[in-house]
Amino acid sequence: MIKARVRFPGRTLGAMLIGLTLVVATAGLSSASPAGGGGSKGSLTIGSKNLPGAQVLGQLYGQALAKDGYKISYKENLGTTEVVFAALESGDIDLYPDYLNTTVQFLGGTGGPDVNQVKSELDTLLQSQGVVATTPAPAVDVNGFYVTKKTAKKYNLKNVSDLTAQAGKLRFGAPPECEQRPLCLGDTSQQLYGLQFKEVKKLDTGGPVTVKALEDGDIQVAILFTGSSVIPKDAVLLKDDKGLQGADNPVVLVKQDKNTPELDAAIDKVSAKITTKQYRKMTLAVQNDKEDPADVAKAFLKSNKVT
Amino acid sequence: MGFLGDVWNWFGDGSHWSGNDGVIHRLSEHVQLSIVSVAAAALIALPIGYLIGHVRKGGVLAVNVSNVGRAIPSFALLILMVQIFGIGEPSGAFSFVGSFPTFIVLVALAIPPMLTNTYVGVAGVDPEVREAARGMGMSGRQLLTGVEAPMATPLVMAGIRTAAIAVVATATLAAYTGWGGLGRFIIDGLSTQDYVQVFAGAVLVALLAIAFEVALSVVQRLTVSRGLRIGVRPERKVEEAFTEVSQAPHATDFP
């Protein structure tokens with residue numbers, strides 16, 4: 001008798017939990033579009049990769065297109081390029097934002113530092129896939145060699161190649177894997193710039209430790225990510241004058257049968273506004289401040305008068 | 001041979017042992033940071049522990065305040081310390097500290113078990129023993145140094161051992177601030193997906209923790225008064241003595 005009474009609330013609780021899980025799961029699977037143009041131009045499903053920046057991009061294009069009269073549904077945070085590109089090919093999604101160089105290398109191309117060149121390589125690679133790429137946005141999120149203004153002045157540094165002669169006097173702070181990575185201090189980097197620093201400090205991955213060490217002068221040169229690290233006010237990005245970093249600009253991939261000149265124009269209008277600085281601001285809002293990508297995108301579109 | 005075989009081969013590779021990135025150098029850095037941190041924490045925790053244990057006042061407050069150090073995750077505290085002190089690697093006279101932010105974290109981690117154990121050890125001395133000492137005319141200082149401190153030693157040593165094990169394991173965090181120590185193998189291995197190196201680093205940390213434990217148990221054996229040693233039960237000795245006395249021929253026991 002007592003036993004039954006004790007067990008009853010447990011069951012109710014269990015049932016409630018299952019119900020709640022179902023509700024949350026369904027809500028999470030496909031969120032309907034926010035009130036917009038009402039879907040007069042047809043419906044589109046937008047996917048996104050599992051990176052903070054990519055999720056903001058997905059929301060940016062989605063909300064802009066919704067205002068433009070498309071009926072938008074989202075499949076967010078799907079995974080890496082492998083997963084999301086496959087979803088696009090199979091028609092589970094109609095478009096998603098990826099990154100230029102990443103996509104080219106995923107498709108077996110070589111990529112490179114020049115946006116136009118990599119874009120035409122991507123167009124060629126996509127021909128057989130039934131997918132088209134829109135004009136890339138100006139933003140890039142790559143390894144950046146940063147110094148303080150004081151260091152830049154003292155050693156007369158503007159380009160990464162200016163570092164080559166001075167490196168022996170400078171301490172360098174970077175992610176622990178930097179010396180093994182071609183685009184950091186690994187082989188390709190050594191062939192182009194031949195940087196032999198006085199000391200290489202293994203710090204965090206473009207995070208607070210590296211920033212603090214640069215600010216304190218414990219290191220003079222830091223690797224931070226142009227589009228996803230907090231860049232100190234006093235820091236200067238040295239120009240990658242020999243083209244080490246790839247042109248990893250955001251680019252929207254659209255299923256060919258859904259693509260129209262009108263859609264293209266609507267996407268390009270948004271892309272044109274996404275500078276590295278804006279992209280970084282939005283990425284950090286999601287990555288560090290844990291803001292909702294949808295809110296971040298909404299604020300961006302409003303302040304840039306896209307919608 | 002599989003994964004464990006790869007780890008075995010990693011240890012067999014001489015190049016992993018020598019040089020600045022070698023096991024010997026990283027191990028010595030790790031030992032240095034651990035000893036310095038435990039010693040600094042002991043200098044803070046033990047005097048306070050003896051004092052509040054002796055006066056039997058403020059113990060709850062002190063123990064709870066020091067336990068805050070246990071409640072804050074070491075990693076979060078490290079990030080905070082880096083924000084305050086930078087990656088700070090003192091040069092000159094204080095270079096023995098190694099990584100200053102990690103040193104602070106390790107000291108905060110080591111204080112609570114030492115302080116709590118010392119306080120409990122001293123405060124827990126049998127009141128009758130204390131009264132007897134007072135009755136013999138001992139001053140407060142004599143009572144602390146001659147009676148309470150020796151009787152508390154097993155608990156104090158247990159606190160130091162607990163702290164040392166935690167410090168050896170946590171000193172791996174130093175690598176996150178760009179310093180050395182055995183954590184280098186783990187953090188660098190993780191960032192390059194070299195899990196053999198990660199595991200080798202973890203094995204080294206575990207072995208070092210065991211080495212500390214063994215070394216400190218030897219110290220404990222040397223410092224604890226014979227009569228207080230675990231394994232020698234005083235009651236039994238009294239009983240034996242009693243039996244011996246009761247079985248001995250008694251002076252007044254003439255038939």
# chains A, B, ... in the order shown; residues from 1 in each chain; ligands from 1
>>> residues_around(residues="Ala110 in chain B", least_positions_apart="4", cutoff="9 Å", atoms="only C-alpha atoms", output="list in words")
Ser37, Val38, Ala41, Ala42, Ala45, Gly69, Arg70, Val105, Leu106, Met114, Leu115, Gly159, Ile160, Thr162, Ala163, Ala164, Ala166 and Val167 of chain B
>>> write_last_selection(atoms="N, CA and C atoms", output="compact mmCIF listing (two decimals), in the first residue's frame")
# COMPACT_ATOMS: atom_id res chain seq x y z
N SER B 37 55.05 23.99 -4.42
CA SER B 37 53.66 24.32 -4.09
C SER B 37 53.23 23.69 -2.77
N VAL B 38 53.55 22.40 -2.58
CA VAL B 38 53.16 21.72 -1.34
C VAL B 38 53.86 22.37 -0.15
N ALA B 41 52.24 25.70 0.63
CA ALA B 41 50.93 25.48 1.24
C ALA B 41 51.09 25.01 2.69
N ALA B 42 52.11 24.17 2.94
CA ALA B 42 52.35 23.66 4.30
C ALA B 42 52.75 24.80 5.23
N ALA B 45 49.35 26.46 5.88
CA ALA B 45 48.28 25.68 6.50
C ALA B 45 48.66 25.12 7.88
N GLY B 69 38.85 26.81 -1.49
CA GLY B 69 39.89 26.43 -2.44
C GLY B 69 39.60 25.11 -3.11
N ARG B 70 38.92 24.22 -2.39
CA ARG B 70 38.56 22.92 -2.96
C ARG B 70 37.34 23.03 -3.86
N VAL B 105 47.34 28.26 -7.93
CA VAL B 105 46.26 27.26 -8.00
C VAL B 105 46.60 26.04 -7.15
N LEU B 106 47.84 25.59 -7.23
CA LEU B 106 48.24 24.39 -6.51
C LEU B 106 48.28 24.64 -5.00
N MET B 114 45.46 19.91 4.31
CA MET B 114 46.48 20.05 5.36
C MET B 114 45.90 20.80 6.56
N LEU B 115 45.18 21.89 6.28
CA LEU B 115 44.63 22.70 7.37
C LEU B 115 43.60 21.90 8.15
N GLY B 159 47.19 14.47 5.81
CA GLY B 159 46.78 15.67 5.08
C GLY B 159 47.80 16.06 4.03
N ILE B 160 49.07 15.99 4.42
CA ILE B 160 50.13 16.36 3.47
C ILE B 160 50.14 15.39 2.29
N THR B 162 47.59 13.59 1.12
CA THR B 162 46.42 13.86 0.27
C THR B 162 46.70 15.07 -0.63
N ALA B 163 47.24 16.12 -0.01
CA ALA B 163 47.52 17.35 -0.76
C ALA B 163 48.54 17.08 -1.86
N ALA B 164 49.59 16.33 -1.53
CA ALA B 164 50.66 16.10 -2.50
C ALA B 164 50.16 15.34 -3.72
N ALA B 166 47.09 15.29 -4.92
CA ALA B 166 46.26 16.18 -5.71
C ALA B 166 47.12 17.16 -6.48
N VAL B 167 48.18 17.66 -5.83
CA VAL B 167 49.05 18.64 -6.49
C VAL B 167 49.79 18.01 -7.67
>>> interface_residues(of="chain A", to="chain B", cutoff="9 Å", atoms="only C-alpha atoms", output="list of chain:residue names")
A:Gly173, A:Pro175, A:Pro176, A:Glu177, A:Gln180, A:Lys201, A:Lys202, A:Leu203, A:Asp204, A:Pro208, A:Val209, A:Thr210, A:Lys212, A:Ala213, A:Glu215, A:Asp216, A:Asp218
>>> residues_around(residues="Leu27 in chain B", least_positions_apart="3", cutoff="10 Å", atoms="only C-alpha atoms", output="PDB file with N, CA and C atoms, in the first residue's frame")
ATOM      1  N   TRP B  17      63.266  10.910 -24.186  1.00  0.00           N
ATOM      2  CA  TRP B  17      63.774  11.065 -22.820  1.00  0.00           C
ATOM      3  C   TRP B  17      64.703  12.258 -22.657  1.00  0.00           C
ATOM      4  N   GLY B  22      62.127  16.399 -23.346  1.00  0.00           N
ATOM      5  CA  GLY B  22      62.261  15.009 -22.928  1.00  0.00           C
ATOM      6  C   GLY B  22      61.644  14.733 -21.568  1.00  0.00           C
ATOM      7  N   VAL B  23      61.431  13.438 -21.302  1.00  0.00           N
ATOM      8  CA  VAL B  23      60.803  13.014 -20.046  1.00  0.00           C
ATOM      9  C   VAL B  23      61.585  13.500 -18.833  1.00  0.00           C
ATOM     10  N   ILE B  24      62.917  13.388 -18.879  1.00  0.00           N
ATOM     11  CA  ILE B  24      63.736  13.754 -17.716  1.00  0.00           C
ATOM     12  C   ILE B  24      63.526  15.218 -17.340  1.00  0.00           C
ATOM     13  N   HIS B  30      58.111  19.075 -13.249  1.00  0.00           N
ATOM     14  CA  HIS B  30      56.890  18.684 -12.558  1.00  0.00           C
ATOM     15  C   HIS B  30      57.142  18.506 -11.059  1.00  0.00           C
ATOM     16  N   VAL B  31      58.247  17.814 -10.753  1.00  0.00           N
ATOM     17  CA  VAL B  31      58.602  17.577  -9.350  1.00  0.00           C
ATOM     18  C   VAL B  31      58.880  18.905  -8.653  1.00  0.00           C
ATOM     19  N   GLN B  32      59.614  19.777  -9.341  1.00  0.00           N
ATOM     20  CA  GLN B  32      59.961  21.080  -8.773  1.00  0.00           C
ATOM     21  C   GLN B  32      58.698  21.873  -8.423  1.00  0.00           C
ATOM     22  N   LEU B  33      57.793  22.001  -9.388  1.00  0.00           N
ATOM     23  CA  LEU B  33      56.574  22.779  -9.152  1.00  0.00           C
ATOM     24  C   LEU B  33      55.735  22.155  -8.033  1.00  0.00           C
ATOM     25  N   GLY B 180      56.184  24.116 -18.568  1.00  0.00           N
ATOM     26  CA  GLY B 180      56.505  22.713 -18.849  1.00  0.00           C
ATOM     27  C   GLY B 180      55.790  21.753 -17.925  1.00  0.00           C
ATOM     28  N   GLY B 181      56.536  20.773 -17.422  1.00  0.00           N
ATOM     29  CA  GLY B 181      55.937  19.734 -16.594  1.00  0.00           C
ATOM     30  C   GLY B 181      55.393  18.621 -17.460  1.00  0.00           C
ATOM     31  N   LEU B 182      54.939  17.554 -16.801  1.00  0.00           N
ATOM     32  CA  LEU B 182      54.463  16.381 -17.544  1.00  0.00           C
ATOM     33  C   LEU B 182      53.187  16.680 -18.324  1.00  0.00           C
ATOM     34  N   GLY B 183      52.473  17.737 -17.933  1.00  0.00           N
ATOM     35  CA  GLY B 183      51.260  18.133 -18.655  1.00  0.00           C
ATOM     36  C   GLY B 183      51.525  18.447 -20.117  1.00  0.00           C
ATOM     37  N   GLY B 201      52.027  10.350 -21.067  1.00  0.00           N
ATOM     38  CA  GLY B 201      52.085  11.447 -20.098  1.00  0.00           C
ATOM     39  C   GLY B 201      51.265  11.134 -18.858  1.00  0.00           C
ATOM     40  N   LEU B 204      53.030   8.670 -16.683  1.00  0.00           N
ATOM     41  CA  LEU B 204      54.124   9.315 -15.939  1.00  0.00           C
ATOM     42  C   LEU B 204      53.578  10.081 -14.734  1.00  0.00           C
ATOM     43  N   VAL B 205      52.467  10.793 -14.907  1.00  0.00           N
ATOM     44  CA  VAL B 205      51.871  11.549 -13.804  1.00  0.00           C
ATOM     45  C   VAL B 205      51.435  10.576 -12.701  1.00  0.00           C
ATOM     46  N   LEU B 208      54.411   9.228 -10.869  1.00  0.00           N
ATOM     47  CA  LEU B 208      54.999  10.248  -9.998  1.00  0.00           C
ATOM     48  C   LEU B 208      54.158  10.407  -8.733  1.00  0.00           C
TER      49      LEU B 208
END
>>> atom_distance(atom1="CA of Ala215 in chain B", atom2="CA of Met157 in chain B")
11.6 Å
>>> decode(residues="range 192-203 of chain A", atoms="N, CA and C atoms", output="short mmCIF file (atom, residue, chain, number, x, y, z; two decimals), in the first residue's frame")
data_model
loop_
_atom_site.label_atom_id
_atom_site.label_comp_id
_atom_site.auth_asym_id
_atom_site.auth_seq_id
_atom_site.Cartn_x
_atom_site.Cartn_y
_atom_site.Cartn_z
N LEU A 192 57.60 29.51 -46.85
CA LEU A 192 57.25 30.87 -47.26
C LEU A 192 57.98 31.93 -46.44
N TYR A 193 57.93 31.77 -45.11
CA TYR A 193 58.43 32.84 -44.25
C TYR A 193 59.69 32.48 -43.46
N GLY A 194 59.94 31.18 -43.26
CA GLY A 194 61.14 30.76 -42.53
C GLY A 194 61.30 31.42 -41.18
N LEU A 195 60.25 31.37 -40.35
CA LEU A 195 60.29 32.07 -39.05
C LEU A 195 60.96 31.19 -37.99
N GLN A 196 62.10 31.68 -37.49
CA GLN A 196 62.81 30.98 -36.40
C GLN A 196 62.79 31.87 -35.17
N PHE A 197 61.78 31.71 -34.34
CA PHE A 197 61.64 32.60 -33.18
C PHE A 197 62.62 32.23 -32.07
N LYS A 198 62.88 33.23 -31.21
CA LYS A 198 63.75 33.02 -30.06
C LYS A 198 63.18 31.90 -29.19
N GLU A 199 61.86 31.94 -29.02
CA GLU A 199 61.19 30.92 -28.22
C GLU A 199 59.77 30.75 -28.73
N VAL A 200 59.29 29.50 -28.76
CA VAL A 200 57.90 29.25 -29.12
C VAL A 200 57.18 28.79 -27.86
N LYS A 201 56.23 29.60 -27.39
CA LYS A 201 55.47 29.23 -26.19
C LYS A 201 54.19 28.56 -26.63
N LYS A 202 53.94 27.37 -26.07
CA LYS A 202 52.72 26.67 -26.43
C LYS A 202 51.62 27.11 -25.47
N LEU A 203 50.68 27.90 -25.98
CA LEU A 203 49.63 28.44 -25.12
C LEU A 203 48.30 27.83 -25.51
#
